[in-house]
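File shown: query11.txt. Contents: compact mmCIF, C-alpha atoms.
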```txt
# COMPACT_ATOMS: atom_id res chain seq x y z
CA MET Y 30 78.89 70.45 94.33
CA GLN Y 31 80.75 72.89 92.11
CA ILE Y 32 80.03 76.58 92.61
CA HIS Y 33 81.86 79.50 91.05
CA ILE Y 34 81.90 82.95 92.54
CA SER Y 35 82.43 86.07 90.51
CA THR Y 36 82.83 89.47 92.11
CA ASN Y 37 82.75 91.50 88.93
CA ASP Y 38 79.08 91.85 88.19
CA GLY Y 39 77.77 93.22 91.47
CA VAL Y 40 75.50 90.24 92.28
CA PRO Y 41 75.85 89.61 96.02
CA ILE Y 42 77.86 86.46 96.73
CA TYR Y 43 75.15 84.82 98.85
CA LEU Y 44 72.75 85.23 95.93
CA GLN Y 45 75.22 83.66 93.50
CA ILE Y 46 75.40 80.63 95.80
CA VAL Y 47 71.60 80.49 96.14
CA ASN Y 48 71.09 80.70 92.38
CA GLN Y 49 73.72 78.12 91.57
CA VAL Y 50 72.43 75.60 94.13
CA LYS Y 51 68.93 76.10 92.74
CA TYR Y 52 70.29 75.50 89.27
CA LEU Y 53 72.17 72.35 90.33
CA VAL Y 54 69.02 71.00 91.98
CA ALA Y 55 66.81 71.89 89.03
CA CYS Y 56 69.04 70.16 86.51
CA GLY Y 57 69.55 67.11 88.71
CA ARG Y 58 73.22 67.57 89.53
CA LEU Y 59 72.21 67.77 93.19
CA ALA Y 60 69.84 64.93 94.00
CA PRO Y 61 67.09 64.97 96.64
CA GLY Y 62 68.50 63.81 99.95
CA GLU Y 63 72.05 64.76 98.99
CA GLU Y 64 73.99 66.58 101.67
CA LEU Y 65 75.40 70.07 101.07
CA PRO Y 66 78.94 70.70 102.39
CA PRO Y 67 79.13 72.09 105.95
CA ILE Y 68 79.34 75.89 106.09
CA ARG Y 69 82.99 75.96 107.16
CA VAL Y 70 84.06 73.54 104.46
CA LEU Y 71 82.31 75.45 101.68
CA ALA Y 72 83.64 78.76 103.06
CA GLU Y 73 87.21 77.51 102.79
CA GLN Y 74 86.60 75.93 99.40
CA LEU Y 75 85.10 79.07 97.86
CA LEU Y 76 87.21 81.48 99.96
CA VAL Y 77 84.09 83.23 101.12
CA ASN Y 78 83.11 84.49 104.57
CA PRO Y 79 81.30 81.72 106.52
CA ASN Y 80 78.46 84.12 107.36
CA THR Y 81 77.81 84.53 103.65
CA ILE Y 82 77.45 80.77 103.21
CA ALA Y 83 75.16 80.62 106.26
CA ARG Y 84 73.03 83.37 104.75
CA ALA Y 85 72.77 81.47 101.45
CA TYR Y 86 71.80 78.23 103.20
CA MET Y 87 69.17 80.08 105.22
CA GLU Y 88 67.72 81.54 102.05
CA LEU Y 89 67.68 78.13 100.35
CA GLU Y 90 65.95 76.63 103.38
CA ARG Y 91 63.33 79.37 103.35
CA ASP Y 92 62.65 78.63 99.68
CA GLY Y 93 62.24 74.95 100.44
CA ILE Y 94 65.21 73.90 98.29
CA VAL Y 95 67.10 72.41 101.22
CA SER Y 96 66.22 71.41 104.75
CA LYS Y 97 68.25 71.15 107.93
CA ARG Y 98 68.21 67.93 109.88
CA HIS Y 99 68.80 68.80 113.48
CA GLY Y 100 72.44 68.72 114.34
CA SER Y 101 73.49 66.78 111.29
CA GLY Y 102 73.60 69.02 108.26
CA THR Y 103 71.83 70.54 105.28
CA TYR Y 104 70.17 68.29 102.69
CA VAL Y 105 68.48 68.81 99.35
CA SER Y 106 64.71 68.59 99.78
CA ASP Y 107 62.58 66.11 97.86
CA ALA Y 108 62.23 67.09 94.23
CA GLY Y 109 58.94 67.78 92.50
CA SER Y 110 58.08 70.64 94.80
CA PRO Y 111 56.25 73.43 92.96
CA LEU Y 112 59.24 75.64 93.53
CA ALA Y 113 61.64 73.27 91.86
CA ARG Y 114 59.33 73.28 88.85
CA LYS Y 115 59.13 77.06 88.91
CA GLU Y 116 62.92 77.17 89.02
CA ARG Y 117 63.19 74.78 86.09
CA MET Y 118 60.82 76.92 84.07
CA LYS Y 119 62.83 80.01 84.98
CA ILE Y 120 66.01 78.43 83.67
CA LEU Y 121 64.25 77.38 80.46
CA SER Y 122 62.76 80.86 80.06
CA GLU Y 123 66.22 82.40 80.04
CA ARG Y 124 67.36 79.94 77.38
CA ALA Y 125 64.17 80.55 75.39
CA ASP Y 126 64.71 84.32 75.49
CA ALA Y 127 68.23 83.92 74.18
CA LEU Y 128 67.03 81.59 71.42
CA LEU Y 129 64.23 83.96 70.38
CA ALA Y 130 66.57 86.94 70.33
CA GLU Y 131 69.02 85.01 68.14
CA ALA Y 132 66.19 83.88 65.83
CA HIS Y 133 65.02 87.46 65.50
CA HIS Y 134 68.46 88.67 64.42
CA LEU Y 135 68.75 85.82 61.91
CA ASN Y 136 65.32 86.57 60.49
CA VAL Y 137 63.87 83.21 61.49
CA ASP Y 138 60.20 83.41 62.43
CA LEU Y 139 58.61 81.76 65.45
CA ASP Y 140 56.95 78.91 63.54
CA SER Y 141 60.28 77.94 62.02
CA VAL Y 142 61.87 77.96 65.48
CA ILE Y 143 59.14 75.69 66.82
CA ASP Y 144 59.56 73.35 63.83
CA LEU Y 145 63.27 73.30 64.43
CA LEU Y 146 62.77 72.38 68.12
CA LYS Y 147 60.50 69.50 67.14
CA GLN Y 148 62.97 68.31 64.54
CA ARG Y 149 65.89 68.45 66.98
CA ARG Y 150 63.82 66.57 69.54
CA LYS Y 151 63.23 63.76 67.02
CA LEU Y 152 66.94 63.55 66.29
CA LEU Y 153 67.78 63.46 70.02
CA ASN Y 154 65.28 60.64 70.61
CA LYS Y 155 66.84 58.58 67.82
CA GLU Y 156 70.33 58.80 69.27
CA PRO Y 157 71.17 56.00 71.66
CA SER Y 158 71.54 57.42 75.16
CA MET O 29 86.64 90.10 129.65
CA ASN O 30 83.67 92.04 128.35
CA THR O 31 82.65 90.20 125.20
CA THR O 32 80.22 92.78 123.86
CA GLN O 33 83.00 95.36 123.75
CA PRO O 34 84.36 95.75 120.20
CA ALA O 35 87.75 94.29 119.35
CA ILE O 36 88.86 97.71 118.12
CA GLN O 37 87.31 101.07 118.94
CA ILE O 38 88.66 104.18 117.27
CA GLU O 39 87.19 107.55 118.14
CA GLY O 40 88.02 110.86 116.49
CA VAL O 41 91.60 110.00 115.62
CA THR O 42 93.52 112.64 113.70
CA ARG O 43 97.15 112.43 112.62
CA GLN O 44 99.19 115.12 110.97
CA PHE O 45 102.56 114.45 109.32
CA ALA O 46 104.12 117.87 108.63
CA SER O 47 101.68 119.45 106.18
CA LYS O 48 99.93 116.20 105.34
CA ARG O 49 96.84 115.16 107.24
CA ALA O 50 97.21 111.37 107.19
CA LEU O 51 94.14 110.69 109.33
CA ASP O 52 91.27 113.11 109.58
CA ASN O 53 88.88 112.52 112.49
CA ILE O 54 88.50 108.76 112.01
CA SER O 55 85.93 106.92 114.09
CA LEU O 56 85.12 103.27 113.62
CA ALA O 57 84.48 100.10 115.57
CA VAL O 58 85.48 96.57 114.66
CA PRO O 59 83.08 94.19 116.43
CA ARG O 60 84.34 90.83 117.65
CA GLY O 61 84.08 87.82 115.38
CA VAL O 62 83.97 89.69 112.09
CA VAL O 63 86.28 90.05 109.13
CA PHE O 64 86.77 93.77 108.65
CA GLY O 65 88.16 94.95 105.33
CA LEU O 66 89.97 98.28 105.13
CA VAL O 67 90.23 99.61 101.61
CA GLY O 68 91.60 102.73 99.97
CA GLU O 69 94.22 103.69 97.40
CA ASN O 70 97.89 103.91 98.30
CA GLY O 71 98.46 106.79 100.70
CA ALA O 72 94.84 106.89 101.86
CA GLY O 73 95.93 106.34 105.47
CA LYS O 74 95.31 102.61 105.96
CA THR O 75 98.78 101.75 107.24
CA THR O 76 98.84 104.82 109.48
CA LEU O 77 95.56 103.71 111.01
CA ILE O 78 96.91 100.18 111.54
CA LYS O 79 100.03 101.61 113.23
CA HIS O 80 97.73 103.34 115.73
CA ILE O 81 96.00 100.03 116.44
CA LEU O 82 99.35 98.35 117.07
CA GLY O 83 100.46 101.18 119.34
CA LEU O 84 103.33 102.17 117.02
CA LEU O 85 101.86 105.66 116.79
CA ARG O 86 100.12 107.61 119.53
CA ALA O 87 96.89 109.33 118.57
CA GLN O 88 97.46 113.11 118.39
CA SER O 89 93.79 113.53 119.17
CA GLY O 90 91.03 111.05 119.82
CA SER O 91 91.42 107.58 121.25
CA VAL O 92 92.28 104.03 120.18
CA ARG O 93 91.21 100.99 122.20
CA VAL O 94 92.00 97.36 121.43
CA PHE O 95 89.94 95.00 123.61
CA GLY O 96 89.39 98.06 125.80
CA LEU O 97 93.10 98.75 126.26
CA ASP O 98 95.21 101.65 125.04
CA PRO O 99 97.86 100.06 122.78
CA VAL O 100 100.42 102.81 123.53
CA ASP O 101 100.05 102.59 127.32
CA GLN O 102 99.77 98.79 127.53
CA PRO O 103 101.73 97.50 124.54
CA ALA O 104 102.51 94.05 125.98
CA GLN O 105 98.89 93.27 126.88
CA VAL O 106 97.65 94.49 123.49
CA LEU O 107 100.33 93.00 121.24
CA SER O 108 100.06 89.59 122.90
CA GLN O 109 96.49 89.45 121.60
CA ILE O 110 97.33 90.50 118.03
CA GLY O 111 98.76 88.48 115.19
CA TYR O 112 100.27 90.96 112.75
CA LEU O 113 101.44 90.61 109.19
CA SER O 114 102.87 93.72 107.58
CA GLU O 115 103.28 94.54 103.93
CA ASN O 116 107.07 94.68 104.20
CA ARG O 117 107.60 91.60 106.32
CA ASP O 118 110.73 92.58 108.22
CA LEU O 119 111.97 89.20 109.40
CA PRO O 120 115.60 88.66 110.48
CA GLY O 121 117.28 87.37 107.33
CA TRP O 122 120.06 85.43 109.04
CA MET O 123 117.69 83.14 110.96
CA ARG O 124 116.64 79.67 109.90
CA ILE O 125 112.91 78.88 109.93
CA ASP O 126 113.19 76.69 113.05
CA GLU O 127 115.19 79.42 114.82
CA LEU O 128 112.65 82.03 113.77
CA LEU O 129 109.82 79.95 115.23
CA ARG O 130 111.67 79.29 118.50
CA TYR O 131 112.63 82.96 118.79
CA THR O 132 109.09 84.23 118.13
CA SER O 133 107.44 81.64 120.39
CA ALA O 134 109.29 83.11 123.39
CA PHE O 135 107.26 86.32 123.08
CA TYR O 136 103.88 84.62 123.36
CA LYS O 137 102.42 82.69 126.28
CA THR O 138 99.75 81.30 123.99
CA TRP O 139 102.14 79.98 121.32
CA ASP O 140 100.83 76.67 119.95
CA ALA O 141 103.88 74.69 118.86
CA GLN O 142 101.86 71.88 117.29
CA TYR O 143 99.77 74.33 115.26
CA ALA O 144 102.95 76.14 114.18
CA GLU O 145 104.44 72.85 113.04
CA ASP O 146 101.28 71.92 111.11
CA LEU O 147 101.25 75.28 109.36
CA ARG O 148 104.97 75.08 108.58
CA ALA O 149 104.44 71.72 106.90
CA GLN O 150 101.32 72.92 105.10
CA PHE O 151 103.14 76.00 103.80
CA GLY O 152 106.07 73.86 102.63
CA LEU O 153 108.70 75.80 104.61
CA GLN O 154 111.92 73.89 105.38
CA ASN O 155 113.23 74.17 108.94
CA SER O 156 116.76 74.60 107.62
CA ALA O 157 115.90 77.38 105.15
CA ARG O 158 117.36 80.81 105.89
CA VAL O 159 114.88 83.69 105.87
CA LYS O 160 117.05 85.74 103.50
CA ASN O 161 116.93 82.95 100.90
CA LEU O 162 113.16 82.63 100.89
CA SER O 163 111.14 83.62 97.85
CA ARG O 164 108.62 86.41 98.14
CA GLY O 165 105.77 83.95 98.55
CA GLU O 166 107.66 81.91 101.14
CA THR O 167 108.46 85.05 103.11
CA ALA O 168 104.77 85.93 103.16
CA ARG O 169 103.94 82.42 104.34
CA ALA O 170 106.60 82.63 107.07
CA GLY O 171 105.12 85.96 108.21
CA LEU O 172 101.64 84.46 108.21
CA LEU O 173 102.89 81.48 110.19
CA LEU O 174 104.27 83.79 112.89
CA ALA O 175 101.07 85.84 112.96
CA LEU O 176 98.83 82.80 113.41
CA SER O 177 100.76 80.45 115.70
CA HIS O 178 99.90 82.11 118.99
CA ARG O 179 96.22 81.86 118.02
CA PRO O 180 95.59 85.57 118.52
CA PRO O 181 92.04 86.81 119.20
CA LEU O 182 92.76 89.58 116.69
CA LEU O 183 94.55 89.11 113.39
CA VAL O 184 95.77 92.29 111.66
CA LEU O 185 96.98 92.00 108.09
CA ASP O 186 98.31 95.05 106.27
CA GLU O 187 98.10 94.52 102.51
CA PRO O 188 98.81 90.80 102.96
CA SER O 189 98.37 89.92 99.31
CA SER O 190 100.24 92.71 97.63
CA GLY O 191 102.65 91.46 95.01
CA LEU O 192 101.94 87.78 95.66
CA ASP O 193 100.94 85.03 93.29
CA PRO O 194 97.42 83.53 93.45
CA VAL O 195 98.56 80.40 95.30
CA VAL O 196 99.98 82.35 98.25
CA ARG O 197 97.01 84.73 98.17
CA ARG O 198 94.79 81.68 98.55
CA ASP O 199 96.75 80.58 101.66
CA ILE O 200 96.21 84.01 103.16
CA LEU O 201 92.49 84.08 102.43
CA GLU O 202 92.11 80.57 103.83
CA ALA O 203 93.88 81.69 107.00
CA ILE O 204 91.48 84.62 107.32
CA ILE O 205 88.45 82.39 106.89
CA ARG O 206 89.72 79.73 109.25
CA THR O 207 90.50 82.37 111.86
CA VAL O 208 87.03 83.86 111.82
CA ALA O 209 85.30 80.48 111.64
CA GLU O 210 86.83 79.71 115.02
CA GLU O 211 84.47 81.24 117.51
CA GLY O 212 84.87 84.88 118.35
CA ARG O 213 88.15 85.64 116.62
CA THR O 214 88.45 88.86 114.68
CA VAL O 215 90.32 89.83 111.51
CA LEU O 216 91.21 93.31 110.30
CA PHE O 217 92.86 93.41 106.91
CA SER O 218 93.69 96.14 104.47
CA SER O 219 93.78 95.52 100.77
CA HIS O 220 93.42 97.21 97.46
CA LEU O 221 92.23 93.94 95.92
CA LEU O 222 88.54 94.60 96.29
CA GLU O 223 87.65 91.20 94.96
CA GLU O 224 89.25 89.66 98.05
CA VAL O 225 87.58 92.12 100.36
CA GLU O 226 84.20 91.35 98.86
CA ARG O 227 84.71 87.63 99.27
CA VAL O 228 85.82 87.48 102.87
CA SER O 229 84.61 90.62 104.68
CA ASP O 230 81.57 91.08 106.87
CA ARG O 231 82.20 94.80 107.20
CA LEU O 232 84.32 97.27 105.38
CA ALA O 233 85.65 100.78 105.67
CA MET O 234 86.84 102.82 102.73
CA MET O 235 89.43 105.55 103.24
CA HIS O 236 90.23 108.40 100.90
CA HIS O 237 92.78 111.14 101.62
CA GLY O 238 92.82 110.27 105.34
CA ARG O 239 89.07 110.39 105.69
CA LEU O 240 86.53 107.63 106.09
CA VAL O 241 84.19 107.85 103.11
CA LEU O 242 82.25 104.70 103.83
CA CYS O 243 81.92 102.26 106.72
CA GLY O 244 79.38 99.54 107.28
CA ALA O 245 78.25 95.98 106.72
CA LEU O 246 79.27 94.81 103.27
CA GLU O 247 75.73 93.74 102.56
CA ASP O 248 74.27 97.14 103.48
CA VAL O 249 76.87 98.87 101.34
CA LYS O 250 76.05 96.68 98.36
CA HIS O 251 72.36 97.20 99.05
CA SER O 252 72.45 100.98 99.23
CA TYR O 253 74.67 101.77 96.24
CA ARG O 254 73.30 101.63 92.74
CA ARG O 255 74.70 101.62 89.23
CA ILE O 256 72.08 103.12 86.96
CA VAL O 257 72.06 103.86 83.27
CA ILE O 258 70.17 106.96 82.24
CA ARG O 259 69.09 107.48 78.64
CA PHE O 260 68.51 110.92 77.18
CA ASP O 261 66.43 111.37 74.05
CA SER O 262 68.78 114.00 72.69
CA PRO O 263 72.51 113.38 73.01
CA LEU O 264 74.50 115.32 75.63
CA THR O 265 77.97 116.68 74.92
CA GLN O 266 78.74 117.17 78.64
CA PRO O 267 78.17 114.73 81.49
CA PRO O 268 74.81 115.60 83.07
CA ALA O 269 75.04 117.34 86.45
CA LEU O 270 73.01 115.03 88.66
CA GLU O 271 72.35 115.64 92.31
CA GLY O 272 73.60 112.75 94.45
CA ALA O 273 75.69 111.14 91.72
CA LEU O 274 79.15 110.02 92.85
CA SER O 275 80.39 109.45 89.34
CA VAL O 276 79.02 109.97 85.85
CA THR O 277 80.55 108.27 82.84
CA GLY O 278 79.31 107.74 79.33
CA ALA O 279 78.62 109.63 76.14
CA ALA O 280 75.80 111.01 74.03
CA HIS O 281 72.53 109.23 74.82
CA GLU O 282 73.49 106.93 77.66
CA TRP O 283 75.31 107.66 80.91
CA THR O 284 76.25 105.38 83.78
CA ILE O 285 75.85 106.80 87.25
CA ILE O 286 77.08 105.40 90.56
CA CYS O 287 75.07 106.72 93.48
CA ASN O 288 74.32 105.95 97.10
CA GLY O 289 70.56 105.46 97.07
CA LEU O 290 68.48 106.74 94.19
CA GLY O 291 67.41 109.78 96.23
CA ASN O 292 67.60 112.91 94.12
CA VAL O 293 69.23 111.30 91.11
CA THR O 294 65.97 110.13 89.55
CA ALA O 295 64.31 113.52 89.96
CA SER O 296 67.25 115.54 88.68
CA ALA O 297 67.64 113.16 85.72
CA SER O 298 64.05 113.58 84.69
CA ARG O 299 64.39 117.36 84.96
CA LEU O 300 67.13 117.05 82.33
CA GLY O 301 64.92 114.83 80.17
CA GLY O 302 66.53 111.49 81.03
CA ARG O 303 65.04 108.24 82.22
CA ILE O 304 66.54 105.25 84.00
CA VAL O 305 66.90 102.28 81.66
CA SER O 306 68.75 99.94 83.98
CA GLU O 307 69.52 99.67 87.67
CA HIS O 308 71.93 97.23 89.31
CA PRO O 309 74.02 96.89 92.43
CA PRO O 310 77.55 98.02 91.51
CA SER O 311 80.67 96.01 92.27
CA LEU O 312 82.89 97.21 95.11
CA ASP O 313 85.40 98.28 92.49
CA GLU O 314 82.89 100.64 90.95
CA ILE O 315 81.93 102.09 94.34
CA PHE O 316 85.58 102.53 95.19
CA VAL O 317 86.45 104.26 91.91
CA ALA O 318 83.38 106.48 92.19
CA HIS O 319 84.45 107.65 95.68
CA ALA O 320 88.07 108.06 94.70
CA SER O 321 87.10 110.26 91.75
CA THR O 322 85.31 112.76 94.02
CA LYS O 323 87.37 115.32 95.84
```
Just dump the structure as structure tokens.
Amino acid sequence: MQIHISTNDGVPIYLQIVNQVKYLVACGRLAPGEELPPIRVLAEQLLVNPNTIARAYMELERDGIVSKRHGSGTYVSDAGSPLARKERMKILSERADALLAEAHHLNVDLDSVIDLLKQRRKLLNKEPS
Amino acid sequence: MNTTQPAIQIEGVTRQFASKRALDNISLAVPRGVVFGLVGENGAGKTTLIKHILGLLRAQSGSVRVFGLDPVDQPAQVLSQIGYLSENRDLPGWMRIDELLRYTSAFYKTWDAQYAEDLRAQFGLQNSARVKNLSRGETARAGLLLALSHRPPLLVLDEPSSGLDPVVRRDILEAIIRTVAEEGRTVLFSSHLLEEVERVSDRLAMMHHGRLVLCGALEDVKHSYRRIVIRFDSPLTQPPALEGALSVTGAAHEWTIICNGLGNVTASASRLGGRIVSEHPPSLDEIFVAHASTK
């Protein structure tokens, strides 16, 4: 699990951890059932106060992203929960906003953007995976 | 030992050096088991405050208690519970590392020789190396080694990272985190690297010209301060005078304001014909600069 902390933009550190874990789960880089590092280990890895990690894990548990198994550790919950879908849509929305803004500045209308997406999709499907 | 009692309790401490008031009525408590960050520009009074905690200076007024004890009256009892790393690590230059460890261990009943040996190996310090030949980073590591090896309930670090490369700074931050992760131990550290303070602190205090301008849980501080951008329909040639604003920067139509709570800022902005176009929590750096710019 790779997480990067930045202290320049004012976003509280626990929230950066929460958002990044949500992102990793949503894009499949953290699989359901996978164990998150213990609080102390992640604290030393990220050089962040252990209480901050604990706060992030608590928040993730409350949102149903992870669950604690008594005494053993913190694990990624089963995927397909409505929240995971909501999170995926949120990530896509941000990308879509950026794409639309770019299209606007380049004078490309919405229909052309949609056509382009369909065209790119066809190309992607052709490529051997 | 009373475990609800704070590790450090400072009440109304004032210190005057000739015409300079180094500490002006400082009161703060460092609870047990937290990492407490002390920030402020050079000369703000951080080191003077730390010297009071170590019993190197007697409070001219007010009181200092470390685990309930007066560090000036009971120096041995207090210092045996503190691991201290100073900015100018005054270690005897003629000693070898193994001699330095043996010498220092004699002062502490709780010295953990195995732990000291593990840290020495981890820090890559050679037993045969002379202190005077150590690099700056190695000297810092040696100082840290001495501060940690008696497993003190309170670790006090005065500007531990100043002038060090990122690798040594990482060792120091790791030591802070490991110390606090072990049940009930407390860390007080001063720094002007706010990025570090934000990463590892539970609580922080900000000093400016010998006064405490801010003290509280890091999260509350970040929660209460705001960086807002106010847009005016007609450009301003002067920064707007806004009630409650700690700092105002910008030009013409848009101005960035750092404030503690929105309070009167919104109202006084709208009186001047401005409206808030963005609102975010500021970084500690921004809060710090905003406080330092006020008199």
Dump as a tab-separated table the rows for residues of segment 57-112 of chain O within 6 Å of segment 175-198 of chain O: closest atom pair and distance in Å with one decimal, all atoms listed in the file counted, ordered by chain and rising residue number.
```
residue	atom	partner	partner_atom	distance
O:Gln109	CA	O:Pro180	CA	5.0
O:Ile110	CA	O:Leu182	CA	4.9
O:Gly111	CA	O:Ala175	CA	4.2
O:Tyr112	CA	O:Val184	CA	4.8
```
Subject >> Who sits within 9 Å of segment 59-67 of chain Y, only C-alpha atoms, same chain under 2 positions skipped, as a list in words >> reply: Met30, Val50, Lys51, Tyr52, Leu53, Val54, Ala55, Cys56, Gly57, Arg69, Val70, Leu71, Ala72, Val95, Gly102, Thr103, Tyr104, Val105, Ser106, Asp107 and Ala108 of chain Y
Each residue of chain O with at least one atom at most 8 Å from chain Y should appear once, together with its nearest atom pair and the corresponding distance in Å (one decimal); atoms considered: all atoms listed in the file; ordering: chain, then increasing residue number; output as a tab-separated table.
```
residue	atom	partner	partner_atom	distance
O:Val63	CA	Y:Asn78	CA	7.9
O:Arg198	CA	Y:Leu76	CA	7.7
O:Leu201	CA	Y:Leu76	CA	6.4
O:Glu202	CA	Y:Glu73	CA	5.9
O:Ile205	CA	Y:Asn78	CA	6.2
O:Arg206	CA	Y:Glu73	CA	7.3
O:Ala209	CA	Y:Pro79	CA	6.6
O:Glu223	CA	Y:Thr36	CA	5.9
O:Glu226	CA	Y:Thr36	CA	7.1
O:Arg227	CA	Y:Val77	CA	4.8
O:Val228	CA	Y:Asn78	CA	4.4
O:Ser229	CA	Y:Asn78	CA	6.3
O:Asp230	CA	Y:Asn78	CA	7.1
O:Glu247	CA	Y:Pro41	CA	7.7
O:Lys250	CA	Y:Pro41	CA	7.4
O:His308	CA	Y:Gly39	CA	7.4
O:Pro309	CA	Y:Gly39	CA	5.3
O:Pro310	CA	Y:Gly39	CA	4.8
O:Ser311	CA	Y:Gly39	CA	4.1
O:Leu312	CA	Y:Gly39	CA	7.4
```
**OP:** Counting only C-alpha atoms, select every polymer residue within 12 Å of (107.8, 82.7, 102.2) as defined in the file's coordinates, and provide the selection as a PyMOL selection string.
**Re:** chain O and resi 117-119+121+125+148+151-154+157-174+192-193+195-197+199-200
**OP:** Excluding Ile315 of chain O and any residue of its chain fewer than 5 positions from it, enumerate the residues within 9 Å of it, using all atoms listed in the file, and give them as a PyMOL selection string.
**Re:** chain O and resi 250+253-255+274+286-288+310+320
Original post:
Could you state the separation of atom CA of Gly302 of chain O and atom CA of Ala318 of chain O in Å, given to one decimal place?
Top reply: 20.8 Å
Subject >> Selection: 12 Å around Glu69 of chain O, all atoms listed in the file, excl. self and same-chain fewer than 4 positions, as a list in words >> reply: Gly73, Lys74, Thr75, Glu187, Ser218, Ser219, His220, Leu221, Leu222, Met234, Met235, His236, His237, Gly238, Arg239, Asp313, Phe316, Val317, His319, Ala320 and Ser321 of chain O
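The spacing separating atom CA of Val100 of chain O from atom CA of Ala203 of chain O amounts to 27.6 Å.
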**OP:** Fewer than 6 positions away in the same chain doesn't count, so skip those; otherwise give me all residues within 7 Å of segment 101-108 of chain O, counting only C-alpha atoms, as a ChimeraX atom specification.
**Re:** /O:82-83,94,136
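Pairwise distance (atom CA of Val62 of chain O, atom CA of Ser133 of chain O) equals 26.2 Å.
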Original post:
Between O:Gln150, O:Ser55, O:Thr265, O:Thr277, which has the minimum distance to Val92 of chain O (counting all atoms listed in the file)?
Top reply: O:Ser55
Can you report as lines of an AutoDock Vina configuration file the centre and edge lengths in Å, to one decimal, of an axis-aligned box around the listed atoms of segment 116-123 of chain O padded with 3 Å on each side?
```
center_x = 113.6
center_y = 88.9
center_z = 107.6
size_x = 19.0
size_y = 17.5
size_z = 12.8
```
